[in-house]
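Peer 1: Okay, so here is entry29.txt, and as you'll see once you scroll down, it has compact mmCIF, C-alpha atoms.
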# COMPACT_ATOMS: atom_id res chain seq x y z
CA MET A 1 -2.12 -54.98 46.93
CA ASN A 2 -3.94 -51.70 47.13
CA GLY A 3 -0.98 -49.43 47.61
CA ALA A 4 -0.22 -47.41 50.68
CA GLY A 5 -3.54 -45.67 50.18
CA SER A 6 -5.67 -45.90 53.24
CA GLY A 7 -8.11 -43.03 53.61
CA ARG A 8 -8.95 -42.82 49.90
CA SER A 9 -12.03 -40.82 49.21
CA GLY A 10 -14.37 -42.51 46.79
CA ILE A 11 -13.01 -44.69 44.05
CA LYS A 12 -11.08 -42.12 42.05
CA MET A 13 -7.39 -42.91 41.87
CA LYS A 14 -5.37 -40.45 43.88
CA ALA A 15 -2.13 -39.75 42.07
CA ALA A 16 0.88 -37.71 43.14
CA VAL A 17 3.28 -36.36 40.51
CA VAL A 18 6.78 -35.70 41.80
CA VAL A 19 8.34 -32.50 40.44
CA PHE A 20 12.07 -31.88 40.29
CA PRO A 21 13.84 -28.79 38.93
CA GLY A 22 14.28 -29.33 35.19
CA ILE A 23 11.34 -31.70 34.82
CA ASN A 24 9.12 -30.55 31.93
CA ARG A 25 6.58 -33.33 31.33
CA GLU A 26 4.74 -33.05 34.64
CA ARG A 27 1.86 -31.06 33.14
CA ASP A 28 1.29 -33.52 30.31
CA MET A 29 1.26 -36.25 32.93
CA ALA A 30 -1.13 -34.34 35.21
CA ARG A 31 -3.43 -33.69 32.25
CA ALA A 32 -3.54 -37.39 31.31
CA LEU A 33 -4.17 -38.44 34.91
CA ARG A 34 -6.94 -35.86 35.30
CA LEU A 35 -8.52 -36.81 32.00
CA VAL A 36 -8.62 -40.54 32.65
CA SER A 37 -9.12 -40.68 36.43
CA GLY A 38 -11.38 -37.63 36.80
CA ARG A 39 -9.24 -36.42 39.66
CA GLU A 40 -6.62 -33.71 39.81
CA PRO A 41 -3.27 -35.23 40.83
CA ALA A 42 -1.24 -33.67 43.63
CA MET A 43 2.00 -32.05 42.50
CA VAL A 44 4.72 -32.87 45.03
CA TRP A 45 7.91 -30.83 45.21
CA HIS A 46 11.30 -32.60 45.34
CA ALA A 47 12.26 -30.95 48.62
CA ASP A 48 9.13 -32.25 50.39
CA THR A 49 9.68 -35.20 52.68
CA ALA A 50 6.23 -36.80 52.57
CA LEU A 51 3.62 -37.81 50.00
CA PRO A 52 0.02 -36.63 50.42
CA ALA A 53 -1.98 -38.93 52.72
CA GLY A 54 -3.88 -41.62 50.85
CA THR A 55 -1.77 -41.51 47.70
CA ASP A 56 -2.56 -44.50 45.43
CA LEU A 57 -0.07 -43.88 42.65
CA VAL A 58 3.20 -41.98 42.54
CA VAL A 59 4.28 -40.73 39.13
CA ILE A 60 7.83 -39.65 38.34
CA PRO A 61 7.47 -37.75 35.05
CA GLY A 62 9.86 -37.01 32.23
CA GLY A 63 12.11 -34.06 31.58
CA PHE A 64 15.66 -33.08 32.33
CA SER A 65 15.95 -33.04 36.11
CA TYR A 66 18.97 -31.00 37.17
CA GLY A 67 19.89 -30.53 33.52
CA ASP A 68 20.96 -34.19 33.30
CA TYR A 69 24.09 -33.15 35.24
CA LEU A 70 26.41 -35.94 36.40
CA ARG A 71 24.19 -38.75 34.97
CA CYS A 72 20.56 -38.56 33.89
CA GLY A 73 18.41 -38.78 37.01
CA ALA A 74 21.37 -39.13 39.38
CA ILE A 75 20.78 -35.98 41.42
CA ALA A 76 16.98 -36.22 41.47
CA ALA A 77 17.31 -39.80 42.74
CA ARG A 78 18.94 -38.41 45.90
CA ALA A 79 16.33 -35.67 46.52
CA PRO A 80 14.51 -35.68 49.89
CA ILE A 81 11.14 -36.77 48.41
CA MET A 82 12.71 -39.96 47.05
CA ASP A 83 13.03 -41.44 50.56
CA ALA A 84 9.24 -41.12 50.82
CA VAL A 85 8.80 -42.63 47.34
CA ARG A 86 11.06 -45.58 48.24
CA ALA A 87 9.12 -46.14 51.50
CA PHE A 88 5.84 -45.97 49.54
CA ALA A 89 7.11 -48.56 47.06
CA GLN A 90 8.38 -50.81 49.87
CA LYS A 91 4.83 -50.87 51.26
CA GLY A 92 3.56 -52.00 47.86
CA GLY A 93 2.42 -48.61 46.55
CA LEU A 94 2.34 -48.28 42.75
CA VAL A 95 4.98 -46.12 41.10
CA LEU A 96 4.92 -45.13 37.42
CA ALA A 97 8.22 -43.71 36.19
CA VAL A 98 8.37 -42.35 32.65
CA CYS A 99 11.43 -41.29 30.62
CA ASN A 100 13.62 -39.20 32.96
CA GLY A 101 11.46 -40.76 35.67
CA PHE A 102 12.69 -44.21 34.57
CA GLN A 103 16.26 -42.94 34.77
CA ILE A 104 15.57 -41.55 38.25
CA ALA A 105 13.97 -44.86 39.33
CA CYS A 106 17.07 -46.78 38.21
CA GLU A 107 19.43 -44.32 39.89
CA SER A 108 17.43 -44.48 43.13
CA GLY A 109 17.48 -48.27 43.30
CA LEU A 110 13.73 -48.67 42.69
CA LEU A 111 14.52 -50.56 39.48
CA PRO A 112 17.61 -52.49 38.37
CA GLY A 113 19.89 -51.50 35.52
CA VAL A 114 20.92 -48.24 33.86
CA LEU A 115 19.81 -46.12 30.89
CA MET A 116 22.86 -45.34 28.82
CA ARG A 117 23.38 -42.95 25.90
CA ASN A 118 21.42 -44.12 22.83
CA ALA A 119 23.58 -46.44 20.78
CA GLN A 120 23.34 -44.11 17.74
CA LEU A 121 24.29 -41.12 19.98
CA ARG A 122 21.27 -39.14 18.76
CA PHE A 123 18.38 -37.71 20.73
CA ILE A 124 15.32 -39.56 19.42
CA CYS A 125 11.98 -37.77 19.27
CA ARG A 126 9.32 -39.68 17.36
CA ASP A 127 6.52 -42.19 17.65
CA VAL A 128 7.54 -45.79 18.26
CA TYR A 129 5.70 -49.09 18.39
CA LEU A 130 5.70 -51.08 21.60
CA ARG A 131 4.71 -54.67 22.09
CA VAL A 132 2.89 -55.12 25.40
CA GLU A 133 4.33 -58.31 26.92
CA ARG A 134 1.87 -58.89 29.76
CA SER A 135 -1.65 -57.77 30.57
CA ASP A 136 -1.78 -59.17 34.11
CA THR A 137 -0.25 -56.18 35.91
CA PRO A 138 -1.95 -53.06 37.32
CA PHE A 139 -0.13 -51.05 34.65
CA THR A 140 -1.00 -53.12 31.60
CA ARG A 141 -4.43 -54.58 32.41
CA GLY A 142 -5.90 -52.10 29.92
CA TYR A 143 -4.10 -53.91 27.09
CA ASN A 144 -3.88 -57.45 25.75
CA ALA A 145 -0.62 -59.37 25.90
CA GLY A 146 1.01 -59.15 22.47
CA GLN A 147 -0.89 -55.98 21.56
CA VAL A 148 1.14 -53.30 19.77
CA ILE A 149 0.68 -49.66 20.77
CA ARG A 150 2.13 -46.53 19.22
CA VAL A 151 3.43 -43.82 21.57
CA PRO A 152 6.11 -41.12 21.37
CA VAL A 153 9.64 -41.28 22.72
CA ALA A 154 11.87 -38.28 23.38
CA HIS A 155 15.21 -39.18 24.92
CA GLY A 156 18.96 -39.20 24.45
CA GLU A 157 19.67 -41.83 27.12
CA GLY A 158 17.19 -44.67 26.77
CA ASN A 159 19.54 -47.53 26.05
CA TYR A 160 18.64 -49.97 28.81
CA ILE A 161 21.43 -52.17 30.08
CA ALA A 162 21.87 -54.44 33.08
CA ASP A 163 24.19 -57.30 33.97
CA GLY A 164 23.47 -60.74 32.55
CA GLU A 165 22.01 -62.02 35.80
CA THR A 166 19.54 -59.13 36.04
CA ILE A 167 18.48 -59.50 32.41
CA ALA A 168 17.98 -63.25 32.91
CA ARG A 169 15.88 -62.58 36.01
CA LEU A 170 13.80 -59.88 34.27
CA GLU A 171 13.16 -62.13 31.30
CA GLY A 172 12.51 -65.18 33.46
CA GLU A 173 10.06 -63.46 35.79
CA GLY A 174 8.14 -61.47 33.22
CA GLY A 175 9.77 -58.23 34.32
CA VAL A 176 9.70 -56.79 30.80
CA LEU A 177 6.35 -55.11 30.09
CA PHE A 178 7.14 -53.20 26.89
CA ARG A 179 9.54 -53.82 24.00
CA TYR A 180 10.29 -51.72 20.93
CA SER A 181 8.79 -53.56 17.99
CA SER A 182 7.54 -53.28 14.43
CA PRO A 183 3.89 -52.25 13.86
CA ASP A 184 3.01 -55.94 13.82
CA GLY A 185 4.88 -56.80 16.99
CA ILE A 186 8.18 -58.11 15.67
CA VAL A 187 11.10 -57.34 17.97
CA ASP A 188 14.34 -57.05 16.05
CA PRO A 189 17.32 -54.67 15.83
CA ASN A 190 15.68 -52.64 13.03
CA TRP A 191 13.00 -51.50 15.46
CA ASN A 192 15.27 -51.09 18.47
CA HIS A 193 15.65 -47.31 18.42
CA ASN A 194 18.22 -46.84 21.16
CA GLY A 195 20.15 -50.11 21.42
CA ALA A 196 18.41 -51.28 24.61
CA MET A 197 19.14 -54.89 25.56
CA ASN A 198 16.46 -57.24 24.20
CA GLY A 199 14.58 -54.19 22.92
CA ILE A 200 13.50 -53.35 26.46
CA ALA A 201 11.35 -50.21 26.66
CA GLY A 202 9.74 -50.76 30.05
CA ILE A 203 10.25 -53.00 33.10
CA ILE A 204 8.65 -53.70 36.45
CA ASN A 205 10.41 -54.59 39.68
CA GLU A 206 10.27 -58.06 41.24
CA ARG A 207 7.30 -57.15 43.38
CA GLY A 208 5.44 -55.81 40.35
CA ASN A 209 4.55 -52.40 41.77
CA VAL A 210 7.13 -50.12 40.12
CA LEU A 211 7.05 -49.59 36.34
CA GLY A 212 9.78 -47.70 34.50
CA MET A 213 9.42 -46.96 30.78
CA MET A 214 11.13 -44.64 28.32
CA PRO A 215 8.13 -43.92 26.00
CA HIS A 216 5.45 -41.38 26.90
CA PRO A 217 1.97 -42.96 27.18
CA GLU A 218 0.69 -39.65 28.60
CA ASN A 219 1.17 -38.03 25.20
CA HIS A 220 -1.30 -40.29 23.40
CA VAL A 221 -4.43 -40.12 25.52
CA GLU A 222 -6.96 -38.04 23.58
CA ALA A 223 -8.08 -37.65 19.99
CA VAL A 224 -6.59 -34.17 19.64
CA MET A 225 -3.13 -35.71 20.19
CA GLY A 226 -3.67 -37.85 17.10
CA ARG A 227 -3.84 -41.16 18.91
CA THR A 228 -5.10 -42.61 22.19
CA ASP A 229 -2.86 -45.69 22.51
CA GLY A 230 -1.44 -44.54 25.84
CA ARG A 231 -4.81 -44.20 27.46
CA GLY A 232 -5.04 -47.92 28.23
CA LEU A 233 -2.25 -47.63 30.76
CA PHE A 234 -4.04 -44.94 32.76
CA ALA A 235 -7.48 -46.51 32.30
CA GLY A 236 -6.05 -49.83 33.52
CA LEU A 237 -4.69 -48.18 36.66
CA VAL A 238 -8.01 -46.45 37.34
CA ASP A 239 -9.81 -49.82 36.94
CA TYR A 240 -7.27 -51.48 39.18
CA PHE A 241 -8.01 -49.09 42.04
CA LYS A 242 -11.76 -49.33 41.43
CA ALA A 243 -11.53 -53.11 41.65
CA ALA A 244 -9.46 -52.86 44.84
CA ALA A 245 -11.81 -50.35 46.50
CA MET B 1 43.34 -31.09 51.36
CA LYS B 2 42.93 -31.67 47.65
CA ALA B 3 41.54 -34.83 46.21
CA ARG B 4 40.64 -36.23 42.83
CA VAL B 5 37.96 -38.83 42.18
CA THR B 6 38.18 -40.45 38.77
CA VAL B 7 35.12 -42.30 37.50
CA THR B 8 35.46 -44.68 34.57
CA LEU B 9 33.15 -47.12 32.86
CA LYS B 10 33.64 -50.74 33.81
CA SER B 11 35.20 -52.86 31.11
CA GLY B 12 32.61 -54.52 28.94
CA ILE B 13 30.20 -51.58 29.23
CA LEU B 14 29.60 -50.13 25.79
CA ASP B 15 30.75 -46.50 25.59
CA PRO B 16 29.20 -44.87 22.51
CA GLN B 17 30.67 -41.47 23.43
CA GLY B 18 34.17 -42.92 23.65
CA LYS B 19 33.60 -44.63 20.30
CA ALA B 20 32.53 -41.34 18.70
CA ILE B 21 35.62 -39.57 20.07
CA GLU B 22 37.77 -42.43 18.82
CA GLY B 23 36.23 -42.02 15.36
CA ALA B 24 36.82 -38.25 15.41
CA LEU B 25 40.48 -38.70 16.41
CA LYS B 26 40.96 -41.09 13.51
CA THR B 27 39.26 -38.62 11.16
CA LEU B 28 41.66 -35.92 12.40
CA GLY B 29 44.56 -38.14 11.42
CA VAL B 30 45.83 -38.69 14.97
CA ASN B 31 47.94 -41.79 14.57
CA GLY B 32 48.09 -44.83 16.77
CA VAL B 33 44.78 -44.43 18.62
CA ALA B 34 43.59 -47.96 19.36
CA SER B 35 40.54 -47.08 21.46
CA VAL B 36 39.01 -44.35 23.64
CA ARG B 37 36.93 -44.69 26.79
CA GLN B 38 35.38 -41.55 28.28
CA GLY B 39 35.24 -40.93 32.03
CA LYS B 40 34.80 -38.13 34.57
CA VAL B 41 37.15 -36.34 36.94
CA PHE B 42 36.04 -34.58 40.13
CA ASP B 43 38.50 -32.27 41.89
CA ILE B 44 37.37 -31.96 45.47
CA GLU B 45 38.67 -29.77 48.27
CA ILE B 46 38.32 -31.41 51.68
CA GLU B 47 38.15 -29.41 54.92
CA GLY B 48 40.48 -30.34 57.76
CA GLY B 49 43.74 -32.27 57.69
CA ASP B 50 42.75 -35.80 58.64
CA ARG B 51 43.66 -38.02 55.74
CA ALA B 52 41.72 -41.09 56.90
CA GLN B 53 38.61 -38.99 57.45
CA ALA B 54 39.01 -37.40 54.01
CA GLU B 55 39.32 -40.80 52.37
CA ALA B 56 36.21 -42.04 54.15
CA ALA B 57 34.24 -38.97 53.05
CA LEU B 58 35.41 -39.36 49.46
CA LYS B 59 34.51 -43.05 49.39
CA SER B 60 31.06 -42.16 50.66
CA ALA B 61 30.74 -39.42 48.00
CA ALA B 62 31.78 -41.80 45.25
CA GLU B 63 29.50 -44.63 46.36
CA LYS B 64 26.47 -42.44 47.06
CA LEU B 65 26.59 -40.10 44.10
CA LEU B 66 29.66 -39.62 41.94
CA ALA B 67 29.71 -43.13 40.46
CA ASN B 68 26.91 -45.47 39.49
CA THR B 69 28.61 -48.65 40.60
CA VAL B 70 26.39 -50.74 38.35
CA ILE B 71 28.38 -49.49 35.37
CA GLU B 72 31.26 -47.43 36.74
CA ASN B 73 34.44 -47.83 38.78
CA TYR B 74 36.02 -45.02 40.77
CA ARG B 75 39.48 -44.18 42.04
CA ILE B 76 40.29 -41.80 44.87
CA ASP B 77 43.58 -39.88 45.03
CA VAL B 78 44.26 -37.60 48.00
CA SER B 79 47.18 -35.20 47.61
CA GLY B 80 48.57 -33.41 50.69
Could I get this file's structure written as structure tokens?

Peer 2:
Amino acid sequence: MNGAGSGRSGIKMKAAVVVFPGINRERDMARALRLVSGREPAMVWHADTALPAGTDLVVIPGGFSYGDYLRCGAIAARAPIMDAVRAFAQKGGLVLAVCNGFQIACESGLLPGVLMRNAQLRFICRDVYLRVERSDTPFTRGYNAGQVIRVPVAHGEGNYIADGETIARLEGEGGVLFRYSSPDGIVDPNWNHNGAMNGIAGIINERGNVLGMMPHPENHVEAVMGRTDGRGLFAGLVDYFKAAA
Amino acid sequence: MKARVTVTLKSGILDPQGKAIEGALKTLGVNGVASVRQGKVFDIEIEGGDRAQAEAALKSAAEKLLANTVIENYRIDVSG
């Protein structure tokens, strides 16, 4: 799988960040992508109907698209650009969806399940610990399975739920990539910040090319941010495309 | 033609907002409240007078956008 990217120039990952009205994390995301890949990502407007030619990675960033009206991500999920993103994913292209992006991915059918209001009803904005469940995906190859990373969350609706069949399938097929945990990797209700089923913080689709996660790896990528735990995700993706080139 | 689409959470789906409202009602001393579930109401004006067409359009609206059928049910009421 090397994404829908034919016509790539060189070996630098070509990312496209999708921008909706009300999104506010697209610049953090662009900065992290630029820093780690050495290439400026394309910013793609929601009303566009096509992705730039040769796109390797589509990123749906965090924020409050359409003011969270109706349901978080519901209106953005129906924007014109999302048809192109769905077609890209159907061809095997990699999609990284963070925070509101995860909500948009669920609403658009790219990922199963729903992100409900946090069980404690509060907006949560703090660092959390995540246990990385697998290292054999393009998104997590920069980490070791079982490794614990510390990254920020900032959301009011991050409580992942899905029907029993979907949860069983996700768990059975290794669809869960990140879980909220203690600093030493213990997953239990005390460390489950938003009530998500099985402490789920991030999942991939059956095909393994779409990742949705509530935490913000893009906010821990350089020393000035205090930590660099999120960098492995981007570095892993860059390596993945280098290896595929 | 006026219509109302009511969207409610499916039974079994946890509704923390409903629970909070339920708690507040109890705090206010409103008696006899057993439980609260929160939903949404959409009042929609439909052009033209064809009832069947209106119902089809409303069903499409509910399925495509107004409800997330993973967690929500919807009901359509068309009134004259």

Peer 1: Would you please work out which residue, of B:Leu66, B:Leu9, B:Ala52, B:Ala20, is nearest to Gly39 of chain B when using all atoms listed in the file?

Peer 2: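 Among the listed residues, B:Leu9 lies closest to Gly39 of chain B.
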
Peer 1: Atom CA of Ala168 of chain A to atom CA of Met197 of chain A: how many Å, to one decimal?

Peer 2: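 Separating atom CA of Ala168 of chain A from atom CA of Met197 of chain A is a distance of 11.2 Å.
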
Peer 1: Using all atoms listed in the file, find the one residue out of A:Met43, A:Ile200, A:Val148, A:Ala162 that sits nearest to chain B.

Peer 2: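 Checking each candidate against chain B, we get A:Ala162 as the closest.
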
Peer 1: Which chain B residues are at most 8 Å from chain A (counting only C-alpha atoms), as a ChimeraX atom specification?

Peer 2: /B:16-17,65-66,68,70-71

Peer 1: Could you check how far atom CA of Lys14 of chain A sits from atom CA of Ile149 of chain A, in Å to one decimal?

Peer 2: 25.6 Å

Peer 1: Write out as a list of chain:residue names the residues lying within 6 Å of Val5 of chain B, counting only C-alpha atoms and excluding same-chain residues fewer than 2 positions away.

Peer 2: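 Surrounding residues, per the criterion: B:Val41, B:Phe42, B:Arg75, B:Ile76.
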
Peer 1: Quick one, how far is atom CA of Ala154 of chain A from atom CA of Met29 of chain A?

Peer 2: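 According to the coordinates, atom CA of Ala154 of chain A and atom CA of Met29 of chain A are separated by 14.4 Å.
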
Peer 1: Excluding segment 45-60 of chain A and residues on its chain fewer than 4 positions from it, collect all residues at most 8 Å away from it, counting all atoms listed in the file, and give them as a VMD selection string.

Peer 2: chain A and resid 2 to 8 13 to 21 76 79 to 85 93 to 98 100 to 102 104 241

Peer 1: Name the residues in contact with segment 212-227 of chain A at a cut-off of 6 Å, using all atoms listed in the file, excluding same-chain residues fewer than 3 positions from it; report them as a list in words.

Peer 2: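 Once the adjacent positions are removed, what remains is Met29, Ala32, Ala97, Val98, Cys99, Phe102, Val151, Pro152, Val153, Ala201, Gly202, Ile203, Gly230 and Arg231 of chain A.
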
Peer 1: So that I have them on file, write out the residues from the current selection with C-alpha atoms, as an mmCIF file, in the frame of the given file.

Peer 2:
data_model
loop_
_atom_site.group_PDB
_atom_site.id
_atom_site.type_symbol
_atom_site.label_atom_id
_atom_site.label_comp_id
_atom_site.auth_asym_id
_atom_site.auth_seq_id
_atom_site.Cartn_x
_atom_site.Cartn_y
_atom_site.Cartn_z
ATOM 1 C CA MET A 29 1.260 -36.250 32.930
ATOM 2 C CA ALA A 32 -3.540 -37.390 31.310
ATOM 3 C CA ALA A 97 8.220 -43.710 36.190
ATOM 4 C CA VAL A 98 8.370 -42.350 32.650
ATOM 5 C CA CYS A 99 11.430 -41.290 30.620
ATOM 6 C CA PHE A 102 12.690 -44.210 34.570
ATOM 7 C CA VAL A 151 3.430 -43.820 21.570
ATOM 8 C CA PRO A 152 6.110 -41.120 21.370
ATOM 9 C CA VAL A 153 9.640 -41.280 22.720
ATOM 10 C CA ALA A 201 11.350 -50.210 26.660
ATOM 11 C CA GLY A 202 9.740 -50.760 30.050
ATOM 12 C CA ILE A 203 10.250 -53.000 33.100
ATOM 13 C CA GLY A 230 -1.440 -44.540 25.840
ATOM 14 C CA ARG A 231 -4.810 -44.200 27.460
#

Peer 1: Could you tell me which of A:Thr228, A:Pro41, A:Asn205, A:Leu237 comes closest to Ser135 of chain A if we count only C-alpha atoms?

Peer 2: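 Selected residue with least distance to Ser135 of chain A: A:Leu237.
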
Peer 1: For Thr69 of chain B, which of A:Ile167, A:Leu35, A:Ile23, A:Cys106 is the closest residue, counting all atoms listed in the file?

Peer 2: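 Nearest to Thr69 of chain B: A:Cys106.
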
Peer 1: For the structure just given, write the atoms of segment 187-207 of chain A, namely C-alpha atoms, as a PDB file, in the first residue's frame.

Peer 2:
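Final output, decode.pdb:
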ATOM      1  CA  VAL A 187      -5.708   0.561  31.398  1.00  0.00           C
ATOM      2  CA  ASP A 188      -8.403   0.981  34.023  1.00  0.00           C
ATOM      3  CA  PRO A 189     -11.355   3.302  34.724  1.00  0.00           C
ATOM      4  CA  ASN A 190      -9.186   5.671  36.806  1.00  0.00           C
ATOM      5  CA  TRP A 191      -7.228   6.594  33.689  1.00  0.00           C
ATOM      6  CA  ASN A 192     -10.177   6.615  31.309  1.00  0.00           C
ATOM      7  CA  HIS A 193     -10.722  10.367  31.066  1.00  0.00           C
ATOM      8  CA  ASN A 194     -13.898  10.476  29.009  1.00  0.00           C
ATOM      9  CA  GLY A 195     -15.668   7.157  29.555  1.00  0.00           C
ATOM     10  CA  ALA A 196     -14.691   5.678  26.174  1.00  0.00           C
ATOM     11  CA  MET A 197     -15.458   1.967  25.807  1.00  0.00           C
ATOM     12  CA  ASN A 198     -12.414  -0.156  26.699  1.00  0.00           C
ATOM     13  CA  GLY A 199     -10.428   3.065  27.166  1.00  0.00           C
ATOM     14  CA  ILE A 200     -10.285   3.532  23.398  1.00  0.00           C
ATOM     15  CA  ALA A 201      -8.399   6.679  22.363  1.00  0.00           C
ATOM     16  CA  GLY A 202      -7.632   5.788  18.749  1.00  0.00           C
ATOM     17  CA  ILE A 203      -8.752   3.216  16.160  1.00  0.00           C
ATOM     18  CA  ILE A 204      -7.971   2.180  12.611  1.00  0.00           C
ATOM     19  CA  ASN A 205     -10.418   0.900  10.027  1.00  0.00           C
ATOM     20  CA  GLU A 206     -10.489  -2.718   8.840  1.00  0.00           C
ATOM     21  CA  ARG A 207      -8.168  -1.979   5.952  1.00  0.00           C
TER      22      ARG A 207
END
